[in-house]
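Participant: What follows is the file input22.txt, containing compact mmCIF, C-alpha atoms:
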```txt
# COMPACT_ATOMS: atom_id res chain seq x y z
CA MET L 123 0.00 0.00 0.00
CA ALA L 124 1.56 3.28 -1.12
CA PRO L 125 1.68 6.25 1.30
CA GLN L 126 -0.83 8.98 0.69
CA ASP L 127 0.29 12.45 -0.36
CA GLY L 128 -0.44 13.90 3.09
CA GLN L 129 1.71 11.31 4.84
CA ASP L 130 4.55 11.76 2.36
CA GLN L 131 4.50 15.53 2.76
CA ARG L 132 4.44 15.26 6.56
CA ARG L 133 7.40 12.86 6.50
CA ASP L 134 9.37 15.39 4.43
CA SER L 135 8.63 18.15 6.95
CA VAL L 136 10.26 16.29 9.86
CA PRO L 137 14.00 17.00 9.98
CA PRO L 138 16.42 14.08 10.19
CA THR L 139 17.74 13.08 13.59
CA ALA L 140 21.19 14.51 12.82
CA VAL L 141 19.69 17.94 12.09
CA ARG L 142 17.80 17.88 15.38
CA LEU L 143 20.39 16.28 17.65
CA LEU L 144 23.88 17.29 16.51
CA PRO L 145 23.54 21.05 17.13
CA VAL L 146 22.34 20.43 20.69
CA LEU L 147 25.20 18.05 21.46
CA ILE L 148 27.98 20.06 19.85
CA VAL L 149 26.94 23.51 21.11
CA THR L 150 26.09 22.27 24.61
CA PHE L 151 29.45 20.56 25.01
CA ALA L 152 31.40 23.46 23.51
CA LEU L 153 29.63 26.06 25.67
CA ASN L 154 30.16 23.95 28.78
CA VAL L 155 33.89 23.71 28.08
CA LEU L 156 34.11 27.43 27.33
CA ILE L 157 32.23 28.40 30.49
CA ASP L 158 34.26 25.91 32.54
CA GLN L 159 37.55 27.37 31.32
CA SER L 160 36.54 30.99 31.87
CA THR L 161 34.52 30.92 35.11
CA GLU L 162 34.31 29.19 38.46
CA TRP L 163 30.53 28.70 38.30
CA PRO L 164 28.93 25.55 39.76
CA MET L 165 28.53 22.58 37.45
CA LEU L 166 24.72 22.69 37.29
CA LEU L 167 24.74 26.36 36.32
CA ARG L 168 27.32 25.72 33.58
CA TRP L 169 25.38 22.80 32.13
CA GLY L 170 22.09 24.71 32.38
CA ILE L 171 23.43 27.68 30.45
CA ALA L 172 25.11 25.39 27.93
CA LEU L 173 21.90 23.42 27.40
CA VAL L 174 19.91 26.59 26.77
CA GLY L 175 22.52 27.58 24.17
CA GLY L 176 22.31 24.12 22.59
CA ILE L 177 18.53 24.26 22.35
CA ALA L 178 18.75 27.73 20.81
CA ALA L 179 21.23 26.40 18.23
CA GLN L 180 18.89 23.51 17.46
CA PHE L 181 16.02 25.95 16.90
CA VAL L 182 18.12 27.97 14.45
CA VAL L 183 19.39 24.91 12.56
CA VAL L 184 15.92 23.38 12.22
CA ARG L 185 14.53 26.70 10.97
CA LEU L 186 17.35 26.90 8.37
CA TRP L 187 16.75 23.29 7.35
CA SER L 188 13.01 23.81 6.95
CA SER L 189 13.50 26.98 4.90
CA ARG L 190 15.82 25.11 2.53
CA GLN L 191 13.26 22.33 2.11
CA ARG L 192 10.66 24.72 0.69
```
Could you rewrite the structure in this file as structure tokens?
Facilitator:
Amino acid sequence: MAPQDGQDQRRDSVPPTAVRLLPVLIVTFALNVLIDQSTEWPMLLRWGIALVGGIAAQFVVVRLWSSRQR
């Protein structure tokens, strides 16, 4: 049974896992290292700030990916 047009279009609108996950991992780790090297903040604060930066990077990358798909 072939997928309907609506299902096929919806599948194309979901970004691949790499587009969603890699920016979060890379930016979160890099920000944590940068904050760790430059401040003496507690670990939870560092990781919290780094995670917010990673999520923001993911938002930007997914928006760029979706604009290129159109």
Participant: Find the residue from L:Arg192, L:Ala179, L:Ile171, L:Trp187 that sits nearest to L:Asn154; use all atoms listed in the file when measuring.
Facilitator: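 Looking at the shortest contact to L:Asn154, the residue is L:Ile171.
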Participant: What does the distance between atom CA of L:Val136 and atom CA of L:Ala152 come to in Å, to one decimal place?
Facilitator: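 The value is 26.2 Å.
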Participant: From (26.6, 19.3, 26.8), in the file's coordinates, out to 10 Å: which residues are reached, counting only C-alpha atoms? Answer as an NGL selection string.
Facilitator: :L and (146-155 or 168-176)
Participant: Would you put the residues from that selection into a file with C-alpha atoms, as a CSV table (one decimal), keeping the file's coordinate frame?
Facilitator:
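And here is the file that came out, again.csv:
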```csv
chain,number,residue,atom,x,y,z
L,146,VAL,CA,22.3,20.4,20.7
L,147,LEU,CA,25.2,18.0,21.5
L,148,ILE,CA,28.0,20.1,19.8
L,149,VAL,CA,26.9,23.5,21.1
L,150,THR,CA,26.1,22.3,24.6
L,151,PHE,CA,29.4,20.6,25.0
L,152,ALA,CA,31.4,23.5,23.5
L,153,LEU,CA,29.6,26.1,25.7
L,154,ASN,CA,30.2,24.0,28.8
L,155,VAL,CA,33.9,23.7,28.1
L,168,ARG,CA,27.3,25.7,33.6
L,169,TRP,CA,25.4,22.8,32.1
L,170,GLY,CA,22.1,24.7,32.4
L,171,ILE,CA,23.4,27.7,30.4
L,172,ALA,CA,25.1,25.4,27.9
L,173,LEU,CA,21.9,23.4,27.4
L,174,VAL,CA,19.9,26.6,26.8
L,175,GLY,CA,22.5,27.6,24.2
L,176,GLY,CA,22.3,24.1,22.6
```
Participant: Tell me which protein, DNA and RNA residues are within 12 Å of L:Pro138, counting all atoms listed in the file, leaving out same-chain ones fewer than 6 positions away, and put them as a PDB file with C-alpha atoms, in the coordinates of the input.
Facilitator:
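Below is the file around_32.pdb, written as the result:
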```pdb
ATOM      1  CA  LEU L 144      23.880  17.290  16.510  1.00  0.00           C
ATOM      2  CA  VAL L 183      19.390  24.910  12.560  1.00  0.00           C
ATOM      3  CA  VAL L 184      15.920  23.380  12.220  1.00  0.00           C
ATOM      4  CA  TRP L 187      16.750  23.290   7.350  1.00  0.00           C
ATOM      5  CA  SER L 188      13.010  23.810   6.950  1.00  0.00           C
ATOM      6  CA  GLN L 191      13.260  22.330   2.110  1.00  0.00           C
TER       7      GLN L 191
END
```
Participant: By how many Å are atom CA of L:Pro145 and atom CA of L:Leu166 apart?
Facilitator: 20.3 Å
Participant: Please indicate the distance in Å from atom CA of L:Thr139 to atom CA of L:Met165, rounded to one decimal place.
Facilitator: 27.9 Å
Participant: When you count all atoms listed in the file, which of these residues is closest to L:Ala178: L:Leu156, L:Leu143, L:Pro137, L:Glu162?
Facilitator: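 Answer, going by the shortest atom-to-atom distance: L:Leu143.
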